[in-house]
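The structure under discussion appears below in the form of structure tokens.
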Amino acid sequence: MNNEDTGQRAAAEAIERGGSGGLSVADLLARVTAGASATAPPAAAPPAPAPRRTADDVAAVIATAAGRHLPGGQLAVDADFFDAGGTSVQAVELVAELEAELGVEFDLDEVFADARPVSLARRLIAATAQAGPVAVTPLAPVPATAAALTATPPPAPAEAPYTRARREDLEQILADLALADRLPFTDVPEPVPPRRILLTGATGFLGSHMLLDLLRHSEAHVYCLVRAADEEAAAARLGEALKGYRLPWSAEVRRRVTVLPGDIRRPRLGLTEERWHTLAHELDGVVGVAAAVDFLRGYHSLRASNVLGALTLAELAATGRPKPLHHISSIAVFNEVGITAMGEDDPLAHADRLISGYDQSKWAAEVALRRARDHGLVVTALRPGGIGGHTRTGAYNPQDLSSGLISAFGRFRTVPAFHYLNAAPVDWVSRVAVAAICEPDAWGYDYNLTGVPNTLDDVVRDMALGGMHVRVQDWDEWRTDALARLEAEPVPELAFLGRVLQSPTALKLCEATLKGPAAGGERTAALVDALGLPPAARYDAPAQLRTFERLAEDGLARLPHKDDQPYLWFTETTEGHVGPVGAAADTPCSMALTLSIASMYQLVKERRVDVTGEVTCAAVHPRPLTVERGDIWVRPDEGIPQRHGTTHQLLRYRLRLRDADGGLWWLEGRKHARARRDVWRQTRALTVEIGRQGEAARLIGEVVVPADTYVRDQIDGIRVDPRLTAREKRAAKLTWLAWFGLEMGRGLLGPFARAAADLLDLRRTPTLTEQHR
């Protein structure tokens, strides 16, 4: 390679990195335009009535239109629409506006793949076969000499837009990998727990939890890089993000956090030279969590945040005082359709077989940082899979694909066939990641923070136990069905999922995710065991409970409702007598009830059973009364006895009744456990009070479940949702009987345990010494 070629390549790489020195892309575009104007002959009158558009013309139109959808009101022709603050919704609106203004049809996937006006213009002209001079620099490395800048590039052979885009992505990935070779060499950092850490991405879902875990489980002071205009705005943004995820933003947290306004996409993180130099010599560790997570955008749109940002953090880690870099990667580096293993030391996917721009960017960042290890940099790669909600607070990431899929599963009662879901709750992922950051012996390795994978059977069983029986469909059928449902009944909170399901590129990502193998995490498990942390557990129904509640509150998911088809139900018949308060109970009273639950979630969360049916009591009305609303609470006091007594409440009934004339009544019933030998009758006898709505009780008495109907109705007579399979029906019955039997057993045992404790408490009669104290 001659000196001229070497200089050209160096200039091109400097431009790609956005560093100081040399020409920027905008400068090059300006020189190209100026050079073309200086050498072009005087323009002749156009022979055709309508002049042809050049790429410059189209790019200017696109940039102007895009600016109207951005906070800043403008967009440079070589700037990315999404990096400038555009959203997916605004991209859809922009495409509609451009189609009307330019009179051509845009491919929305092309916009997501590379949202720079200059690139869109070039692709549009190529796709519509319009001829004419295109005064735009190509995406390949740009020549640095003036002669080469003004030269007309030879025409390229015709190529399909998709193939061309794939080739351009791969060329850019290779160029970005080469940037790692320009990083400075460094020495091994001192193996001590960090005291000063730079953290990026603290306003994001995982980053915010990692910030709090760093403060809880280390003595470190944390410098948080936050994208904002100044320190005050950055602090406000960080505080709002933490509170949004139900995390504290207290004076103690604020004391140990320094907020730095900056931007991962800018050279030297957008920091001043003085601040950069200070951090380089004072930090003990750098933690890179910040990333653009968008499964619709292409590599060119994501590289500034996900690849160049990671390399800038590597530069900071290798500058000044040697310090480790802890990089939050992703299991997406394995997202190749057909890959057979995803262990922590297994080969990554082939770059040319990654379809999604997000997958490509995470792959490129991790591979580039592997090259940085050759420069002495200690790099720890932490790879989460799907990051589920917090098991205690329920906080979740509303734009995370896994949240959208879980919401759709519950809302539509269908799931696509898949092999494994490699997902773990955010609290476990954050805790293990922070443990690796704070343990010097763990530095420099790769970890899969994916927890215990869920199989299809696991998910179907969990949802069935939650009262949400789901039907399994193949991927194409499920996608078509989900899109039709979202179109028929739009859910604004799931609009992003609809856009993903309509994108051919995103569909390939989903396919690779759903058909991939279980991720291995042997090294992670060993680290967790060595540090005494909670081991990974399957992200199952109990772990998802609070998150599913939050999803339902925010309109994404739909919890089972009592008006739905019951999950499980059975009948209960009682007979007895009631009478006026203070008088003999001599009037017959009976109840024919149906007890049901909408889901096991209802039992776990509320300990409540729904009731319908009729109450027959001549002292109230000659005709049966209808149960308008009924609830039964199982062990409502959770075993707490009456004060200074041995009576424990087993069940509490509360029914709202309507008679044939429209009058409203109420019924309260209680089953109690006592320290007596008639245990069998205690489980069947119910003390009842009946009164008019808004009035005190008029009638009181007792009704009992006949002994010959108890087993027949409440065990053999259990019915289950007919949509469940025979195996699921058996599991539902056994789960109900086990839960209810355990609760009754605990309730009946309580009074005897209390009586035994009283008998054994010899201090109930004070001694003479105690009496004179």
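Naming scheme: A, B, ... for chains in displayed order of the structure tokens; residues 1 onward per chain; ligands 1 onward as shown.
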So which residues touch Leu486 (chain A) within 10 Å, counting only C-alpha atoms, skipping near sequence neighbours fewer than 5 positions away, as a short mmCIF file (atom, residue, chain, number, x, y, z; two decimals) with all heavy atoms, in the first residue's frame?
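Output file around.cif is given in full below:
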```cif
data_model
loop_
_atom_site.label_atom_id
_atom_site.label_comp_id
_atom_site.auth_asym_id
_atom_site.auth_seq_id
_atom_site.Cartn_x
_atom_site.Cartn_y
_atom_site.Cartn_z
N ALA A 408 -48.81 -9.54 24.74
CA ALA A 408 -49.62 -10.11 23.66
C ALA A 408 -50.06 -11.52 24.00
O ALA A 408 -51.19 -11.92 23.70
CB ALA A 408 -48.84 -10.09 22.35
N PHE A 412 -54.05 -11.93 23.96
CA PHE A 412 -54.65 -12.69 22.85
C PHE A 412 -54.82 -14.16 23.16
O PHE A 412 -55.45 -14.88 22.39
CB PHE A 412 -53.79 -12.53 21.59
CG PHE A 412 -53.57 -11.11 21.18
CD1 PHE A 412 -52.36 -10.70 20.64
CD2 PHE A 412 -54.56 -10.15 21.35
CE1 PHE A 412 -52.15 -9.39 20.26
CE2 PHE A 412 -54.36 -8.83 20.98
CZ PHE A 412 -53.15 -8.44 20.43
N ASP A 481 -52.27 -13.51 13.14
CA ASP A 481 -53.39 -13.36 14.07
C ASP A 481 -53.19 -12.15 14.97
O ASP A 481 -54.12 -11.37 15.22
CB ASP A 481 -53.52 -14.64 14.91
CG ASP A 481 -54.66 -14.58 15.90
OD1 ASP A 481 -55.81 -14.42 15.45
OD2 ASP A 481 -54.40 -14.68 17.12
N VAL A 491 -54.24 -1.12 20.36
CA VAL A 491 -53.76 -0.89 21.72
C VAL A 491 -52.56 0.05 21.60
O VAL A 491 -51.48 -0.39 21.16
CB VAL A 491 -53.34 -2.21 22.41
CG1 VAL A 491 -52.89 -1.94 23.83
CG2 VAL A 491 -54.49 -3.22 22.38
N PRO A 492 -52.71 1.32 21.92
CA PRO A 492 -51.60 2.27 21.70
C PRO A 492 -50.29 1.81 22.33
O PRO A 492 -49.22 1.99 21.75
CB PRO A 492 -52.12 3.56 22.36
CG PRO A 492 -53.61 3.43 22.32
CD PRO A 492 -53.90 1.98 22.48
N LEU A 494 -49.15 -1.07 22.55
CA LEU A 494 -48.54 -2.17 21.80
C LEU A 494 -48.30 -1.80 20.34
O LEU A 494 -48.05 -2.68 19.52
CB LEU A 494 -49.43 -3.42 21.89
CG LEU A 494 -49.48 -4.11 23.25
CD1 LEU A 494 -50.42 -5.31 23.20
CD2 LEU A 494 -48.11 -4.55 23.71
N ALA A 495 -48.37 -0.51 20.02
CA ALA A 495 -48.16 -0.10 18.64
C ALA A 495 -46.76 -0.47 18.16
O ALA A 495 -46.57 -0.86 17.00
CB ALA A 495 -48.39 1.41 18.50
N LEU A 497 -45.04 -3.05 18.99
CA LEU A 497 -45.02 -4.48 18.66
C LEU A 497 -45.60 -4.72 17.28
O LEU A 497 -45.08 -5.54 16.51
CB LEU A 497 -45.80 -5.28 19.71
CG LEU A 497 -45.88 -6.79 19.46
CD1 LEU A 497 -44.50 -7.42 19.49
CD2 LEU A 497 -46.80 -7.45 20.49
N GLY A 498 -46.66 -3.97 16.94
CA GLY A 498 -47.23 -4.10 15.60
C GLY A 498 -46.23 -3.71 14.52
O GLY A 498 -46.16 -4.36 13.47
#
```
Please list as a VMD selection string every residue within 7 Å of region 680-693 of chain A, counting only C-alpha atoms and excluding residues in the same chain fewer than 2 positions away. chain A and resid 664 to 673 678 695 to 705
As a list in words, please: the residues near Pro117 (chain A) (cut-off 7 Å, only C-alpha atoms, same-chain neighbours under 6 positions excluded).
Ala59, Ile62, Ala63, Val77 and Asp78 of chain A
Store the residues picked out above in a file with N, CA and C atoms, as a short mmCIF file (atom, residue, chain, number, x, y, z; two decimals), in the first residue's frame.
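Contents of result.cif, freshly written:
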```
data_model
loop_
_atom_site.label_atom_id
_atom_site.label_comp_id
_atom_site.auth_asym_id
_atom_site.auth_seq_id
_atom_site.Cartn_x
_atom_site.Cartn_y
_atom_site.Cartn_z
N ALA A 59 -32.07 14.70 -1.24
CA ALA A 59 -31.59 14.72 0.14
C ALA A 59 -32.00 15.99 0.85
N ILE A 62 -35.68 15.75 1.70
CA ILE A 62 -35.89 14.82 2.80
C ILE A 62 -35.44 15.44 4.12
N ALA A 63 -34.28 16.10 4.11
CA ALA A 63 -33.76 16.71 5.33
C ALA A 63 -34.70 17.80 5.84
N VAL A 77 -28.11 16.71 6.04
CA VAL A 77 -28.34 15.66 5.06
C VAL A 77 -27.58 14.38 5.41
N ASP A 78 -26.51 14.50 6.20
CA ASP A 78 -25.73 13.32 6.53
C ASP A 78 -25.96 12.85 7.97
#
```
Do you have the CA of Cys224 (chain A)-CA of Asn422 (chain A) distance handy?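 About the pair CA of Cys224 (chain A) and CA of Asn422 (chain A): they are 29.0 Å apart.
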Handout entry: Within 7 Å of region 529-545 of chain A using only C-alpha atoms, minus same-chain residues under 2 positions, as a list in words
Key = Gly389, Thr391, Ala423, Ala424, Pro425, Gly451, Val452, Pro453, Asn454, Asp462, Ala525, Ala526, Leu527, Thr547, Phe548 and Glu549 of chain A
Export, as a PDB file, in the first residue's frame, the selected residues with N, CA, C and O atoms.
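Output saved as selection-v8.pdb:
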```pdb
ATOM      1  N   GLY A 389     -39.237  -7.876  34.070  1.00  0.00           N
ATOM      2  CA  GLY A 389     -39.525  -6.883  35.097  1.00  0.00           C
ATOM      3  C   GLY A 389     -38.967  -7.276  36.458  1.00  0.00           C
ATOM      4  O   GLY A 389     -38.548  -8.411  36.698  1.00  0.00           O
ATOM      5  N   THR A 391     -38.910  -8.425  40.157  1.00  0.00           N
ATOM      6  CA  THR A 391     -39.786  -9.394  40.810  1.00  0.00           C
ATOM      7  C   THR A 391     -40.528  -8.814  42.007  1.00  0.00           C
ATOM      8  O   THR A 391     -41.559  -9.346  42.408  1.00  0.00           O
ATOM      9  N   ALA A 423     -34.529 -15.427  29.228  1.00  0.00           N
ATOM     10  CA  ALA A 423     -34.870 -14.181  29.906  1.00  0.00           C
ATOM     11  C   ALA A 423     -34.684 -14.338  31.405  1.00  0.00           C
ATOM     12  O   ALA A 423     -34.818 -15.430  31.960  1.00  0.00           O
ATOM     13  N   ALA A 424     -34.382 -13.216  32.065  1.00  0.00           N
ATOM     14  CA  ALA A 424     -34.211 -13.193  33.520  1.00  0.00           C
ATOM     15  C   ALA A 424     -34.697 -11.842  34.030  1.00  0.00           C
ATOM     16  O   ALA A 424     -34.672 -10.845  33.299  1.00  0.00           O
ATOM     17  N   PRO A 425     -35.154 -11.776  35.279  1.00  0.00           N
ATOM     18  CA  PRO A 425     -35.641 -10.504  35.825  1.00  0.00           C
ATOM     19  C   PRO A 425     -34.521  -9.487  35.992  1.00  0.00           C
ATOM     20  O   PRO A 425     -33.363  -9.851  36.227  1.00  0.00           O
ATOM     21  N   GLY A 451     -30.061 -16.291  32.975  1.00  0.00           N
ATOM     22  CA  GLY A 451     -30.857 -17.042  33.930  1.00  0.00           C
ATOM     23  C   GLY A 451     -31.171 -18.449  33.454  1.00  0.00           C
ATOM     24  O   GLY A 451     -30.436 -19.055  32.678  1.00  0.00           O
ATOM     25  N   VAL A 452     -32.314 -18.979  33.914  1.00  0.00           N
ATOM     26  CA  VAL A 452     -32.768 -20.317  33.543  1.00  0.00           C
ATOM     27  C   VAL A 452     -33.757 -20.175  32.394  1.00  0.00           C
ATOM     28  O   VAL A 452     -34.784 -19.508  32.545  1.00  0.00           O
ATOM     29  N   PRO A 453     -33.498 -20.785  31.243  1.00  0.00           N
ATOM     30  CA  PRO A 453     -34.382 -20.590  30.090  1.00  0.00           C
ATOM     31  C   PRO A 453     -35.789 -21.142  30.350  1.00  0.00           C
ATOM     32  O   PRO A 453     -35.968 -22.131  31.062  1.00  0.00           O
ATOM     33  N   ASN A 454     -36.783 -20.498  29.762  1.00  0.00           N
ATOM     34  CA  ASN A 454     -38.155 -20.981  29.780  1.00  0.00           C
ATOM     35  C   ASN A 454     -38.417 -21.779  28.512  1.00  0.00           C
ATOM     36  O   ASN A 454     -38.120 -21.309  27.410  1.00  0.00           O
ATOM     37  N   ASP A 462     -47.401 -21.957  33.013  1.00  0.00           N
ATOM     38  CA  ASP A 462     -47.485 -20.774  33.871  1.00  0.00           C
ATOM     39  C   ASP A 462     -48.731 -19.960  33.574  1.00  0.00           C
ATOM     40  O   ASP A 462     -49.426 -19.496  34.485  1.00  0.00           O
ATOM     41  N   ALA A 525     -22.887 -18.999  36.656  1.00  0.00           N
ATOM     42  CA  ALA A 525     -23.348 -19.779  37.800  1.00  0.00           C
ATOM     43  C   ALA A 525     -22.225 -19.974  38.817  1.00  0.00           C
ATOM     44  O   ALA A 525     -22.447 -19.909  40.040  1.00  0.00           O
ATOM     45  N   ALA A 526     -21.010 -20.205  38.337  1.00  0.00           N
ATOM     46  CA  ALA A 526     -19.873 -20.374  39.249  1.00  0.00           C
ATOM     47  C   ALA A 526     -19.581 -19.085  40.007  1.00  0.00           C
ATOM     48  O   ALA A 526     -19.274 -19.114  41.211  1.00  0.00           O
ATOM     49  N   LEU A 527     -19.670 -17.945  39.319  1.00  0.00           N
ATOM     50  CA  LEU A 527     -19.455 -16.653  39.980  1.00  0.00           C
ATOM     51  C   LEU A 527     -20.517 -16.421  41.049  1.00  0.00           C
ATOM     52  O   LEU A 527     -20.203 -15.999  42.178  1.00  0.00           O
ATOM     53  N   THR A 547     -44.911  -7.678  37.766  1.00  0.00           N
ATOM     54  CA  THR A 547     -44.747  -7.060  36.457  1.00  0.00           C
ATOM     55  C   THR A 547     -46.022  -7.161  35.638  1.00  0.00           C
ATOM     56  O   THR A 547     -46.420  -6.204  34.965  1.00  0.00           O
ATOM     57  N   PHE A 548     -46.675  -8.317  35.691  1.00  0.00           N
ATOM     58  CA  PHE A 548     -47.908  -8.487  34.933  1.00  0.00           C
ATOM     59  C   PHE A 548     -48.986  -7.534  35.450  1.00  0.00           C
ATOM     60  O   PHE A 548     -49.781  -6.994  34.677  1.00  0.00           O
ATOM     61  N   GLU A 549     -48.996  -7.291  36.738  1.00  0.00           N
ATOM     62  CA  GLU A 549     -49.936  -6.323  37.296  1.00  0.00           C
ATOM     63  C   GLU A 549     -49.647  -4.916  36.767  1.00  0.00           C
ATOM     64  O   GLU A 549     -50.571  -4.172  36.410  1.00  0.00           O
TER      65      GLU A 549
END
```
Notebook entry, point to check: Skipping near chain neighbours, those fewer than 4 positions away, what residues fall within 9 Å of Leu214 (chain A) using only C-alpha atoms, listed as a ChimeraX atom specification?
Noted result: /A:209-210,218-222,431,434-435,437-438
Go ahead and save the residues from that selection, with all heavy atoms, as a PDB file, in the first residue's frame.
```pdb
ATOM      1  N   HIS A 209     -31.101   0.309  37.484  1.00  0.00           N
ATOM      2  CA  HIS A 209     -31.009  -0.692  38.550  1.00  0.00           C
ATOM      3  C   HIS A 209     -29.556  -0.979  38.906  1.00  0.00           C
ATOM      4  O   HIS A 209     -29.231  -1.210  40.089  1.00  0.00           O
ATOM      5  CB  HIS A 209     -31.718  -1.979  38.122  1.00  0.00           C
ATOM      6  CG  HIS A 209     -33.222  -1.867  38.132  1.00  0.00           C
ATOM      7  ND1 HIS A 209     -33.939  -1.361  37.058  1.00  0.00           N
ATOM      8  CD2 HIS A 209     -34.139  -2.169  39.085  1.00  0.00           C
ATOM      9  CE1 HIS A 209     -35.225  -1.380  37.358  1.00  0.00           C
ATOM     10  NE2 HIS A 209     -35.366  -1.851  38.570  1.00  0.00           N
ATOM     11  N   MET A 210     -28.681  -0.954  37.912  1.00  0.00           N
ATOM     12  CA  MET A 210     -27.264  -1.169  38.206  1.00  0.00           C
ATOM     13  C   MET A 210     -26.686  -0.027  39.027  1.00  0.00           C
ATOM     14  O   MET A 210     -25.825  -0.241  39.891  1.00  0.00           O
ATOM     15  CB  MET A 210     -26.491  -1.358  36.904  1.00  0.00           C
ATOM     16  CG  MET A 210     -26.739  -2.703  36.231  1.00  0.00           C
ATOM     17  SD  MET A 210     -25.789  -2.945  34.707  1.00  0.00           S
ATOM     18  CE  MET A 210     -24.112  -2.884  35.340  1.00  0.00           C
ATOM     19  N   SER A 218     -21.335  -1.632  47.019  1.00  0.00           N
ATOM     20  CA  SER A 218     -19.935  -1.217  46.939  1.00  0.00           C
ATOM     21  C   SER A 218     -19.796   0.134  47.630  1.00  0.00           C
ATOM     22  O   SER A 218     -20.791   0.766  47.993  1.00  0.00           O
ATOM     23  CB  SER A 218     -19.479  -1.116  45.477  1.00  0.00           C
ATOM     24  OG  SER A 218     -19.957   0.073  44.877  1.00  0.00           O
ATOM     25  N   GLU A 219     -18.560   0.529  47.780  1.00  0.00           N
ATOM     26  CA  GLU A 219     -18.282   1.843  48.370  1.00  0.00           C
ATOM     27  C   GLU A 219     -18.009   2.880  47.287  1.00  0.00           C
ATOM     28  O   GLU A 219     -17.557   3.985  47.585  1.00  0.00           O
ATOM     29  CB  GLU A 219     -17.065   1.738  49.297  1.00  0.00           C
ATOM     30  CG  GLU A 219     -17.246   0.780  50.464  1.00  0.00           C
ATOM     31  CD  GLU A 219     -18.355   1.234  51.403  1.00  0.00           C
ATOM     32  OE1 GLU A 219     -18.507   2.459  51.590  1.00  0.00           O
ATOM     33  OE2 GLU A 219     -19.068   0.369  51.939  1.00  0.00           O
ATOM     34  N   ALA A 220     -18.290   2.562  46.057  1.00  0.00           N
ATOM     35  CA  ALA A 220     -17.884   3.404  44.933  1.00  0.00           C
ATOM     36  C   ALA A 220     -18.718   4.680  44.838  1.00  0.00           C
ATOM     37  O   ALA A 220     -19.909   4.694  45.167  1.00  0.00           O
ATOM     38  CB  ALA A 220     -17.994   2.616  43.635  1.00  0.00           C
ATOM     39  N   HIS A 221     -18.057   5.700  44.360  1.00  0.00           N
ATOM     40  CA  HIS A 221     -18.729   6.919  43.917  1.00  0.00           C
ATOM     41  C   HIS A 221     -18.945   6.761  42.407  1.00  0.00           C
ATOM     42  O   HIS A 221     -18.030   6.375  41.676  1.00  0.00           O
ATOM     43  CB  HIS A 221     -17.884   8.155  44.213  1.00  0.00           C
ATOM     44  CG  HIS A 221     -18.592   9.442  43.914  1.00  0.00           C
ATOM     45  ND1 HIS A 221     -19.328  10.119  44.862  1.00  0.00           N
ATOM     46  CD2 HIS A 221     -18.701  10.171  42.769  1.00  0.00           C
ATOM     47  CE1 HIS A 221     -19.844  11.213  44.312  1.00  0.00           C
ATOM     48  NE2 HIS A 221     -19.481  11.261  43.046  1.00  0.00           N
ATOM     49  N   VAL A 222     -20.151   7.048  41.938  1.00  0.00           N
ATOM     50  CA  VAL A 222     -20.506   6.753  40.554  1.00  0.00           C
ATOM     51  C   VAL A 222     -20.693   8.058  39.778  1.00  0.00           C
ATOM     52  O   VAL A 222     -21.455   8.937  40.198  1.00  0.00           O
ATOM     53  CB  VAL A 222     -21.792   5.905  40.474  1.00  0.00           C
ATOM     54  CG1 VAL A 222     -22.094   5.539  39.017  1.00  0.00           C
ATOM     55  CG2 VAL A 222     -21.653   4.638  41.314  1.00  0.00           C
ATOM     56  N   ARG A 431     -27.937  -7.399  39.690  1.00  0.00           N
ATOM     57  CA  ARG A 431     -27.119  -7.791  40.851  1.00  0.00           C
ATOM     58  C   ARG A 431     -25.887  -8.586  40.431  1.00  0.00           C
ATOM     59  O   ARG A 431     -24.777  -8.368  40.952  1.00  0.00           O
ATOM     60  CB  ARG A 431     -27.976  -8.621  41.820  1.00  0.00           C
ATOM     61  CG  ARG A 431     -27.238  -9.036  43.090  1.00  0.00           C
ATOM     62  CD  ARG A 431     -26.909  -7.811  43.937  1.00  0.00           C
ATOM     63  NE  ARG A 431     -26.048  -8.165  45.064  1.00  0.00           N
ATOM     64  CZ  ARG A 431     -24.716  -8.128  45.037  1.00  0.00           C
ATOM     65  NH1 ARG A 431     -24.076  -7.750  43.929  1.00  0.00           N
ATOM     66  NH2 ARG A 431     -24.022  -8.431  46.111  1.00  0.00           N
ATOM     67  N   VAL A 434     -23.295  -6.271  38.638  1.00  0.00           N
ATOM     68  CA  VAL A 434     -22.564  -5.438  39.593  1.00  0.00           C
ATOM     69  C   VAL A 434     -21.564  -6.279  40.380  1.00  0.00           C
ATOM     70  O   VAL A 434     -20.451  -5.816  40.695  1.00  0.00           O
ATOM     71  CB  VAL A 434     -23.563  -4.718  40.525  1.00  0.00           C
ATOM     72  CG1 VAL A 434     -22.852  -4.121  41.737  1.00  0.00           C
ATOM     73  CG2 VAL A 434     -24.303  -3.636  39.756  1.00  0.00           C
ATOM     74  N   ALA A 435     -21.919  -7.521  40.682  1.00  0.00           N
ATOM     75  CA  ALA A 435     -20.979  -8.393  41.383  1.00  0.00           C
ATOM     76  C   ALA A 435     -19.721  -8.626  40.552  1.00  0.00           C
ATOM     77  O   ALA A 435     -18.603  -8.615  41.075  1.00  0.00           O
ATOM     78  CB  ALA A 435     -21.660  -9.719  41.711  1.00  0.00           C
ATOM     79  N   ILE A 437     -18.541  -6.591  38.307  1.00  0.00           N
ATOM     80  CA  ILE A 437     -17.827  -5.317  38.230  1.00  0.00           C
ATOM     81  C   ILE A 437     -16.989  -5.083  39.483  1.00  0.00           C
ATOM     82  O   ILE A 437     -15.868  -4.548  39.412  1.00  0.00           O
ATOM     83  CB  ILE A 437     -18.835  -4.168  38.030  1.00  0.00           C
ATOM     84  CG1 ILE A 437     -19.497  -4.276  36.648  1.00  0.00           C
ATOM     85  CG2 ILE A 437     -18.176  -2.806  38.215  1.00  0.00           C
ATOM     86  CD1 ILE A 437     -20.705  -3.381  36.481  1.00  0.00           C
ATOM     87  N   CYS A 438     -17.498  -5.504  40.632  1.00  0.00           N
ATOM     88  CA  CYS A 438     -16.829  -5.219  41.901  1.00  0.00           C
ATOM     89  C   CYS A 438     -15.851  -6.309  42.336  1.00  0.00           C
ATOM     90  O   CYS A 438     -15.162  -6.136  43.342  1.00  0.00           O
ATOM     91  CB  CYS A 438     -17.880  -5.014  42.995  1.00  0.00           C
ATOM     92  SG  CYS A 438     -18.957  -3.586  42.717  1.00  0.00           S
TER      93      CYS A 438
END
```
Residues within 12 Å of Pro624 (chain A), only C-alpha atoms, excluding chain neighbours under 6 positions, as a short mmCIF file (atom, residue, chain, number, x, y, z; two decimals) with C-alpha atoms, in the first residue's frame:
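around_0.cif written:
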```cif
data_model
loop_
_atom_site.label_atom_id
_atom_site.label_comp_id
_atom_site.auth_asym_id
_atom_site.auth_seq_id
_atom_site.Cartn_x
_atom_site.Cartn_y
_atom_site.Cartn_z
CA CYS A 589 -82.73 -21.40 54.99
CA SER A 590 -80.69 -22.93 52.17
CA MET A 591 -78.13 -21.81 49.64
CA ALA A 592 -77.35 -23.26 46.22
CA GLY A 613 -76.29 -18.73 42.85
CA GLU A 614 -79.46 -18.44 44.93
CA VAL A 615 -80.49 -18.16 48.59
CA THR A 616 -83.88 -19.49 49.69
CA CYS A 617 -85.28 -18.17 52.98
CA ALA A 618 -89.00 -17.61 53.61
CA LEU A 657 -78.75 -10.45 47.15
CA ARG A 658 -81.74 -9.23 45.13
CA ASP A 659 -85.25 -10.54 45.79
CA ALA A 660 -87.96 -11.07 43.17
CA ASP A 661 -89.42 -7.61 43.88
CA GLY A 662 -86.08 -5.84 43.32
#
```
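Within 7 Å of region 68-72 of chain A there are Gly85, Gly86 and Gln90 of chain A, counting only C-alpha atoms and ignoring same-chain residues fewer than 5 positions away.
Using only C-alpha atoms for every distance, the candidate list A:Arg122, A:Ile718, A:Ala707, A:Arg607 yields A:Ile718 as the residue closest to Thr594 (chain A).
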